Every structure is written in C-alpha cells, then in structure tokens.
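Undergrad: The structure's right below; bear with me while I get my questions together.
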Amino acid sequence: MSAQQLTILVTGACGQMGKYVVAGVVEAPDMELVGAVDPAGRGKRLSEIVSGAPEDIICSGHLAATLEESQPQIMIDFTTPDVVMDNIQAALNAGVACVVGTTGFSPLDLQVVKRLCKKTDTPCLIAPNFSIGANLMMRFAAEASTNFDYSEIIERHHELTAHEELAGARGGETAGIHVHSVRMPGYVANQEVVFGGSGEVLKIEHITTSRECFVPGVLLATRRILELEGLVYGLDTIL
C-alpha cells in the first residue's frame with residue numbers, strides 16, 4: 001500500500017450494489033480494500049464472489065471484529081435499514097469515517113448519527129442516491145421549478161423496491177406535487193420531473209441502466225470524506 005492509498009472496508013459486500021462497490025474500490029489506484037462484511041458470504045473468499053477482489057480477504061459476518069482486525073480509514077455501507085444504524089455506530093465509535101448508501105433513515109436516525117459524529121469527531125456522509133447524473137437532475141429541476149407553476153414527478157424502480165415513503169405514492173401527492181410510482185422488472189432507478197407552462201412542457205429525466213452508475217459517486221464521496229466534518233447528507237453537497 002502506498003502512503004496515499006485510502007484503506008476501505010465494505011459492508012454489504014455481497015449484495016447487488018456491494019459487489020459493484022467492491023469492484024470499484026479494487027480498481028481505484030488510490031484505494032485499498034482491507035475488509036468485507038456480509039453475513040450472506042460469511043467465511044467465503046471475497047474473490048469467489050467478486051472477480052478481481054484480493055485473494056486474502058475472507059468475507060466476515062461480524063463488523064466490530066473486522067473493524068478491529070482490518071483497521072480501515074473508511075467504511076462504505078450498502079446494507080439494509082435494519083442493520084445500518086448499528087454499523088454506523090460501530091464504525092464511528094472505532095474512529096472510522098462512513099460513506100453510506102443504505103436508505104430508509106428517519107429524521108430521528110439522522111439526528112442520532114449527527115450526535116455520534118460530533119461525539120466521536122468522525123465524519124459520515126449519507127446519500128439516498130449516489131448517481132452523479134441523478135443529483136445533477138435534481139439540481140436542474142430545482143432551478144426549473146422557480147419558473148413553472150405546475151410540476152409532477154414520475155419515478156420508476158425495480159419490483160423489489162417495496163418501501164413506500166409516501167403512502168399511496170402510485171398516484172399520491174406531497175407538498176402539492178403529484179407523484180406517480182412504477183414498480184416492475186426492467187427498471188433500476190429512473191426519475192422524471194415534468195413541468196408545464198402555457199404552450200410548453202419541460203421534462204428533466206435521469207435513466208439508470210445499471211447499478212454501475214452509482215460507483216463514481218461512491219468513490220467521489222470516499223475520496224472526500226476525510227476532509228468533511230460531522231454528518232453530511234446528500235452527494236450534491238460535495239459535487
């Protein structure tokens with residue numbers, strides 16, 4: 001490892017997104033993967049799950065022990081809402097900065113993480129979407145919204161995305177804006193914002209064709225996290 005390399009532990013390493021993150025970290029010249037945690041792959045060589053992963057890394061099912069053994073600077077977490085808070089707490093208490101792509105945080109959860117960051121003097125970046133294109137789309141939509149009185153959102157995700165942030169979102173309304181949700185195979189994560197004006201319609205759309213699109217944003221956040229302080233929410237804050 002060169003002096004400039006960041007040492008990384010990935011939690012959820014065997015998941016659909018975790019595999020892409022592992023591959024991205026392994027290919028990054030300024031990063032070294034030192035640990036992987038995922039109960040689904042416990043005891044297996046990570047290289048059996050992700051092509052190109054270091055042969056000497058065995059997937060662990062116990063985060064605290066792996067943090068102590070591998071001594072990473074940064075933990076990247078793509079797990080599930082039921083374990084992510086425990087993972088963040090374990091990492092921050094160990095002085096390990098966190099880059100988190102797991103979703104489902106409540107406002108109370110974010111307050112807890114914010115206090116933990118302050119207590120441990122260790123940063124954590126949580127982003128509901130690590131796609132650079134999607135974050136730029138949101139920025140463009142925010143600018144466009146100041147010029148139109150009518151707007152609606154159509155979001156399309158794969159059929160396994162069952163969590164409903166907005167009750168009745170497949171035809172719901174929030175803050176006066178109608179939201180239409182589609183859940184079916186073939187989609188990964190697509191968002192479209194439609195603005196209507198007199199004699200014109202403006203569409204701002206982001207289309208995801210593969211989870212690979214999230215990796216550049218994850219790596220960007222990983223490269224920046226040690227410069228940050230406290231809890232940082234959203235990839236747009238560092239773009």
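Identifiers in the structure tokens: chain A, B, ... in order shown; residue index from 1 per chain; ligand index from 1 in order shown.
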Got a sec: who's within 12 Å of A:Ala28, counting only C-alpha atoms, leaving out chain neighbours fewer than 2 positions off, as a list in words?

TA: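 The filter keeps Gln4, Gln5, Leu6, Thr7, Ile8, Val21, Val22, Ala23, Gly24, Val25, Val26, Asp30, Met31, Glu32, Leu33, Ala53, Val215, Pro216, Val218, Leu219, Leu220, Thr222 and Arg223 of chain A.
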
Undergrad: Write the residues you've just listed into a file as an mmCIF file, in the first residue's frame, and include N, CA and C atoms for each of them.

TA:
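Once written, again37.cif looks like this:
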data_model
loop_
_atom_site.group_PDB
_atom_site.id
_atom_site.type_symbol
_atom_site.label_atom_id
_atom_site.label_comp_id
_atom_site.auth_asym_id
_atom_site.auth_seq_id
_atom_site.Cartn_x
_atom_site.Cartn_y
_atom_site.Cartn_z
ATOM 1 N N GLN A 4 -0.449 7.181 0.012
ATOM 2 C CA GLN A 4 -1.625 7.948 -0.389
ATOM 3 C C GLN A 4 -2.896 7.108 -0.453
ATOM 4 N N GLN A 5 -2.785 5.799 -0.403
ATOM 5 C CA GLN A 5 -3.976 4.970 -0.553
ATOM 6 C C GLN A 5 -4.889 5.029 0.666
ATOM 7 N N LEU A 6 -6.188 5.085 0.389
ATOM 8 C CA LEU A 6 -7.196 5.038 1.439
ATOM 9 C C LEU A 6 -7.533 3.580 1.719
ATOM 10 N N THR A 7 -7.629 3.221 2.983
ATOM 11 C CA THR A 7 -7.959 1.835 3.332
ATOM 12 C C THR A 7 -9.465 1.732 3.581
ATOM 13 N N ILE A 8 -10.104 0.772 2.915
ATOM 14 C CA ILE A 8 -11.563 0.704 2.845
ATOM 15 C C ILE A 8 -12.088 -0.644 3.321
ATOM 16 N N VAL A 21 -19.469 -1.895 -5.636
ATOM 17 C CA VAL A 21 -18.610 -1.051 -4.813
ATOM 18 C C VAL A 21 -17.257 -1.725 -4.591
ATOM 19 N N VAL A 22 -17.281 -3.006 -4.267
ATOM 20 C CA VAL A 22 -16.030 -3.756 -4.085
ATOM 21 C C VAL A 22 -15.181 -3.661 -5.345
ATOM 22 N N ALA A 23 -15.785 -3.916 -6.498
ATOM 23 C CA ALA A 23 -15.047 -3.859 -7.761
ATOM 24 C C ALA A 23 -14.483 -2.469 -8.007
ATOM 25 N N GLY A 24 -15.262 -1.437 -7.701
ATOM 26 C CA GLY A 24 -14.797 -0.067 -7.891
ATOM 27 C C GLY A 24 -13.623 0.282 -7.004
ATOM 28 N N VAL A 25 -13.684 -0.147 -5.746
ATOM 29 C CA VAL A 25 -12.588 0.110 -4.806
ATOM 30 C C VAL A 25 -11.325 -0.630 -5.239
ATOM 31 N N VAL A 26 -11.490 -1.881 -5.650
ATOM 32 C CA VAL A 26 -10.340 -2.686 -6.076
ATOM 33 C C VAL A 26 -9.652 -2.056 -7.285
ATOM 34 N N ASP A 30 -6.022 4.666 -5.900
ATOM 35 C CA ASP A 30 -5.753 5.362 -4.644
ATOM 36 C C ASP A 30 -6.479 4.726 -3.460
ATOM 37 N N MET A 31 -6.982 3.504 -3.636
ATOM 38 C CA MET A 31 -7.698 2.828 -2.555
ATOM 39 C C MET A 31 -7.212 1.399 -2.389
ATOM 40 N N GLU A 32 -7.316 0.919 -1.149
ATOM 41 C CA GLU A 32 -7.008 -0.478 -0.861
ATOM 42 C C GLU A 32 -8.152 -1.082 -0.065
ATOM 43 N N LEU A 33 -8.715 -2.171 -0.564
ATOM 44 C CA LEU A 33 -9.761 -2.881 0.159
ATOM 45 C C LEU A 33 -9.112 -3.752 1.222
ATOM 46 N N ALA A 53 -11.282 -9.343 -6.694
ATOM 47 C CA ALA A 53 -11.091 -8.986 -5.285
ATOM 48 C C ALA A 53 -9.848 -9.681 -4.739
ATOM 49 N N VAL A 215 -21.322 3.938 -8.720
ATOM 50 C CA VAL A 215 -19.954 3.759 -8.228
ATOM 51 C C VAL A 215 -19.116 5.035 -8.289
ATOM 52 N N PRO A 216 -19.111 5.807 -9.392
ATOM 53 C CA PRO A 216 -18.309 7.037 -9.391
ATOM 54 C C PRO A 216 -18.658 7.979 -8.244
ATOM 55 N N VAL A 218 -19.915 7.080 -5.306
ATOM 56 C CA VAL A 218 -19.413 6.455 -4.077
ATOM 57 C C VAL A 218 -17.915 6.720 -3.919
ATOM 58 N N LEU A 219 -17.176 6.561 -5.005
ATOM 59 C CA LEU A 219 -15.733 6.781 -4.948
ATOM 60 C C LEU A 219 -15.409 8.256 -4.705
ATOM 61 N N LEU A 220 -16.197 9.149 -5.303
ATOM 62 C CA LEU A 220 -16.014 10.578 -5.053
ATOM 63 C C LEU A 220 -16.196 10.882 -3.571
ATOM 64 N N THR A 222 -15.949 8.820 -1.095
ATOM 65 C CA THR A 222 -14.894 8.154 -0.333
ATOM 66 C C THR A 222 -13.609 8.976 -0.356
ATOM 67 N N ARG A 223 -13.317 9.570 -1.497
ATOM 68 C CA ARG A 223 -12.109 10.395 -1.603
ATOM 69 C C ARG A 223 -12.235 11.697 -0.814
#

Undergrad: Within 9 Å of A:Met138, counting only C-alpha atoms, which residues show up once you throw out same-chain ones fewer than 6 positions away? Write them as a PDB file with N, CA and C atoms, in the first residue's frame, please.

TA:
ATOM      1  N   VAL A 193     -39.017  14.511 -13.899  1.00  0.00           N
ATOM      2  CA  VAL A 193     -39.772  15.657 -13.399  1.00  0.00           C
ATOM      3  C   VAL A 193     -40.338  16.386 -14.608  1.00  0.00           C
ATOM      4  N   ILE A 204     -37.321  16.825 -17.342  1.00  0.00           N
ATOM      5  CA  ILE A 204     -35.950  16.566 -16.908  1.00  0.00           C
ATOM      6  C   ILE A 204     -35.928  15.136 -16.404  1.00  0.00           C
ATOM      7  N   ASP A 236     -25.002  15.771  -3.441  1.00  0.00           N
ATOM      8  CA  ASP A 236     -24.975  17.116  -4.031  1.00  0.00           C
ATOM      9  C   ASP A 236     -24.153  18.097  -3.213  1.00  0.00           C
TER      10      ASP A 236
END

Undergrad: Applying 10 Å and only C-alpha atoms, which residues near stretch 139-142 of chain A remain after dropping the ones on its own chain fewer than 4 positions away? List them as number ranges by chain.

TA: A: 133-135, 146-147, 151, 192-195, 202-205, 236

Undergrad: Please measure the separation of atom CA of A:Ile132 and atom CA of A:Ile88, giving the value in Å to one decimal.

TA: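 So the two atoms, atom CA of A:Ile132 and atom CA of A:Ile88, lie 23.5 Å apart.
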
Undergrad: Find, counting only C-alpha atoms, the residue in A:Leu108, A:Leu226, A:Cys59, A:Ile177 that gets nearest to A:Ile74.

TA: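 Closest to A:Ile74, using only C-alpha atoms: A:Leu226.
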
Undergrad: Taking the chain letters and numbering used in this document, name the residues of stretch 25-124 of chain A that DSSP puts in alpha helix (DSSP H), as an NGL selection string.

TA: :A and (25-27 or 63-70 or 81-93 or 107-120)

Undergrad: Next, write the just-selected residues to a file, as a PDB file, in the first residue's frame, keeping C-alpha atoms as the atom set.

TA:
ATOM      1  CA  VAL A  25     -12.588   0.110  -4.806  1.00  0.00           C
ATOM      2  CA  VAL A  26     -10.340  -2.686  -6.076  1.00  0.00           C
ATOM      3  CA  GLU A  27      -9.867  -0.913  -9.417  1.00  0.00           C
ATOM      4  CA  LEU A  63     -18.413  -5.933  11.725  1.00  0.00           C
ATOM      5  CA  ALA A  64     -16.866  -4.978  15.077  1.00  0.00           C
ATOM      6  CA  ALA A  65     -14.256  -7.723  14.857  1.00  0.00           C
ATOM      7  CA  THR A  66     -13.458  -6.855  11.242  1.00  0.00           C
ATOM      8  CA  LEU A  67     -13.076  -3.165  12.080  1.00  0.00           C
ATOM      9  CA  GLU A  68     -10.584  -4.056  14.794  1.00  0.00           C
ATOM     10  CA  GLU A  69      -8.698  -6.524  12.617  1.00  0.00           C
ATOM     11  CA  SER A  70      -8.526  -4.564   9.356  1.00  0.00           C
ATOM     12  CA  PRO A  81     -32.261  -0.318   7.145  1.00  0.00           C
ATOM     13  CA  ASP A  82     -32.447  -2.868   9.966  1.00  0.00           C
ATOM     14  CA  VAL A  83     -28.650  -3.046  10.428  1.00  0.00           C
ATOM     15  CA  VAL A  84     -27.238   0.197   9.070  1.00  0.00           C
ATOM     16  CA  MET A  85     -27.585   2.209  12.294  1.00  0.00           C
ATOM     17  CA  ASP A  86     -25.648  -0.424  14.252  1.00  0.00           C
ATOM     18  CA  ASN A  87     -22.998  -0.458  11.522  1.00  0.00           C
ATOM     19  CA  ILE A  88     -22.592   3.321  11.599  1.00  0.00           C
ATOM     20  CA  GLN A  89     -22.364   3.313  15.387  1.00  0.00           C
ATOM     21  CA  ALA A  90     -19.700   0.595  15.369  1.00  0.00           C
ATOM     22  CA  ALA A  91     -17.646   2.392  12.716  1.00  0.00           C
ATOM     23  CA  LEU A  92     -17.875   5.877  14.235  1.00  0.00           C
ATOM     24  CA  ASN A  93     -17.029   4.567  17.706  1.00  0.00           C
ATOM     25  CA  PRO A 107     -35.243  12.218  10.816  1.00  0.00           C
ATOM     26  CA  LEU A 108     -34.549  10.763  14.271  1.00  0.00           C
ATOM     27  CA  ASP A 109     -31.952   8.382  12.823  1.00  0.00           C
ATOM     28  CA  LEU A 110     -30.153  11.292  11.194  1.00  0.00           C
ATOM     29  CA  GLN A 111     -30.123  13.197  14.486  1.00  0.00           C
ATOM     30  CA  VAL A 112     -28.611  10.169  16.216  1.00  0.00           C
ATOM     31  CA  VAL A 113     -25.888   9.901  13.553  1.00  0.00           C
ATOM     32  CA  LYS A 114     -25.236  13.633  13.782  1.00  0.00           C
ATOM     33  CA  ARG A 115     -24.680  13.360  17.546  1.00  0.00           C
ATOM     34  CA  LEU A 116     -22.437  10.313  17.091  1.00  0.00           C
ATOM     35  CA  CYS A 117     -20.300  12.164  14.548  1.00  0.00           C
ATOM     36  CA  LYS A 118     -19.872  15.043  16.966  1.00  0.00           C
ATOM     37  CA  LYS A 119     -19.142  12.755  19.917  1.00  0.00           C
ATOM     38  CA  THR A 120     -16.519  10.724  18.038  1.00  0.00           C
TER      39      THR A 120
END

Undergrad: Could you pull out all residues of stretch 106-157 of chain A with a DSSP call of strand (DSSP E) and give them as a PyMOL selection string?

TA: chain A and resi 124-126+150-157

Undergrad: Looking at only C-alpha atoms, which of A:Ile58, A:Met17, A:Leu125, A:Leu231 is the one that sits closest to A:Val34?

TA: A:Ile58

Undergrad: Quick one: pull the distance between atom CA of A:Phe148 and atom CA of A:Tyr233, Å, one decimal.

TA: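 Atom CA of A:Tyr233 lies 27.2 Å from atom CA of A:Phe148.
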
Undergrad: I'd like the neighbourhood of A:Tyr187 as a list in words, where a residue qualifies if any of its atoms comes within 9 Å (using only C-alpha atoms), though same-chain residues fewer than 6 positions away should be ignored.

TA: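 Within the cut-off, the hits are Arg156, His157, His158, Glu159, Ile207, Thr208 and Thr209 of chain A.
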
Undergrad: Between atom CA of A:Gly12 and atom CA of A:Pro39, what is the distance in Å, rounded to a tenth?

TA: 8.2 Å
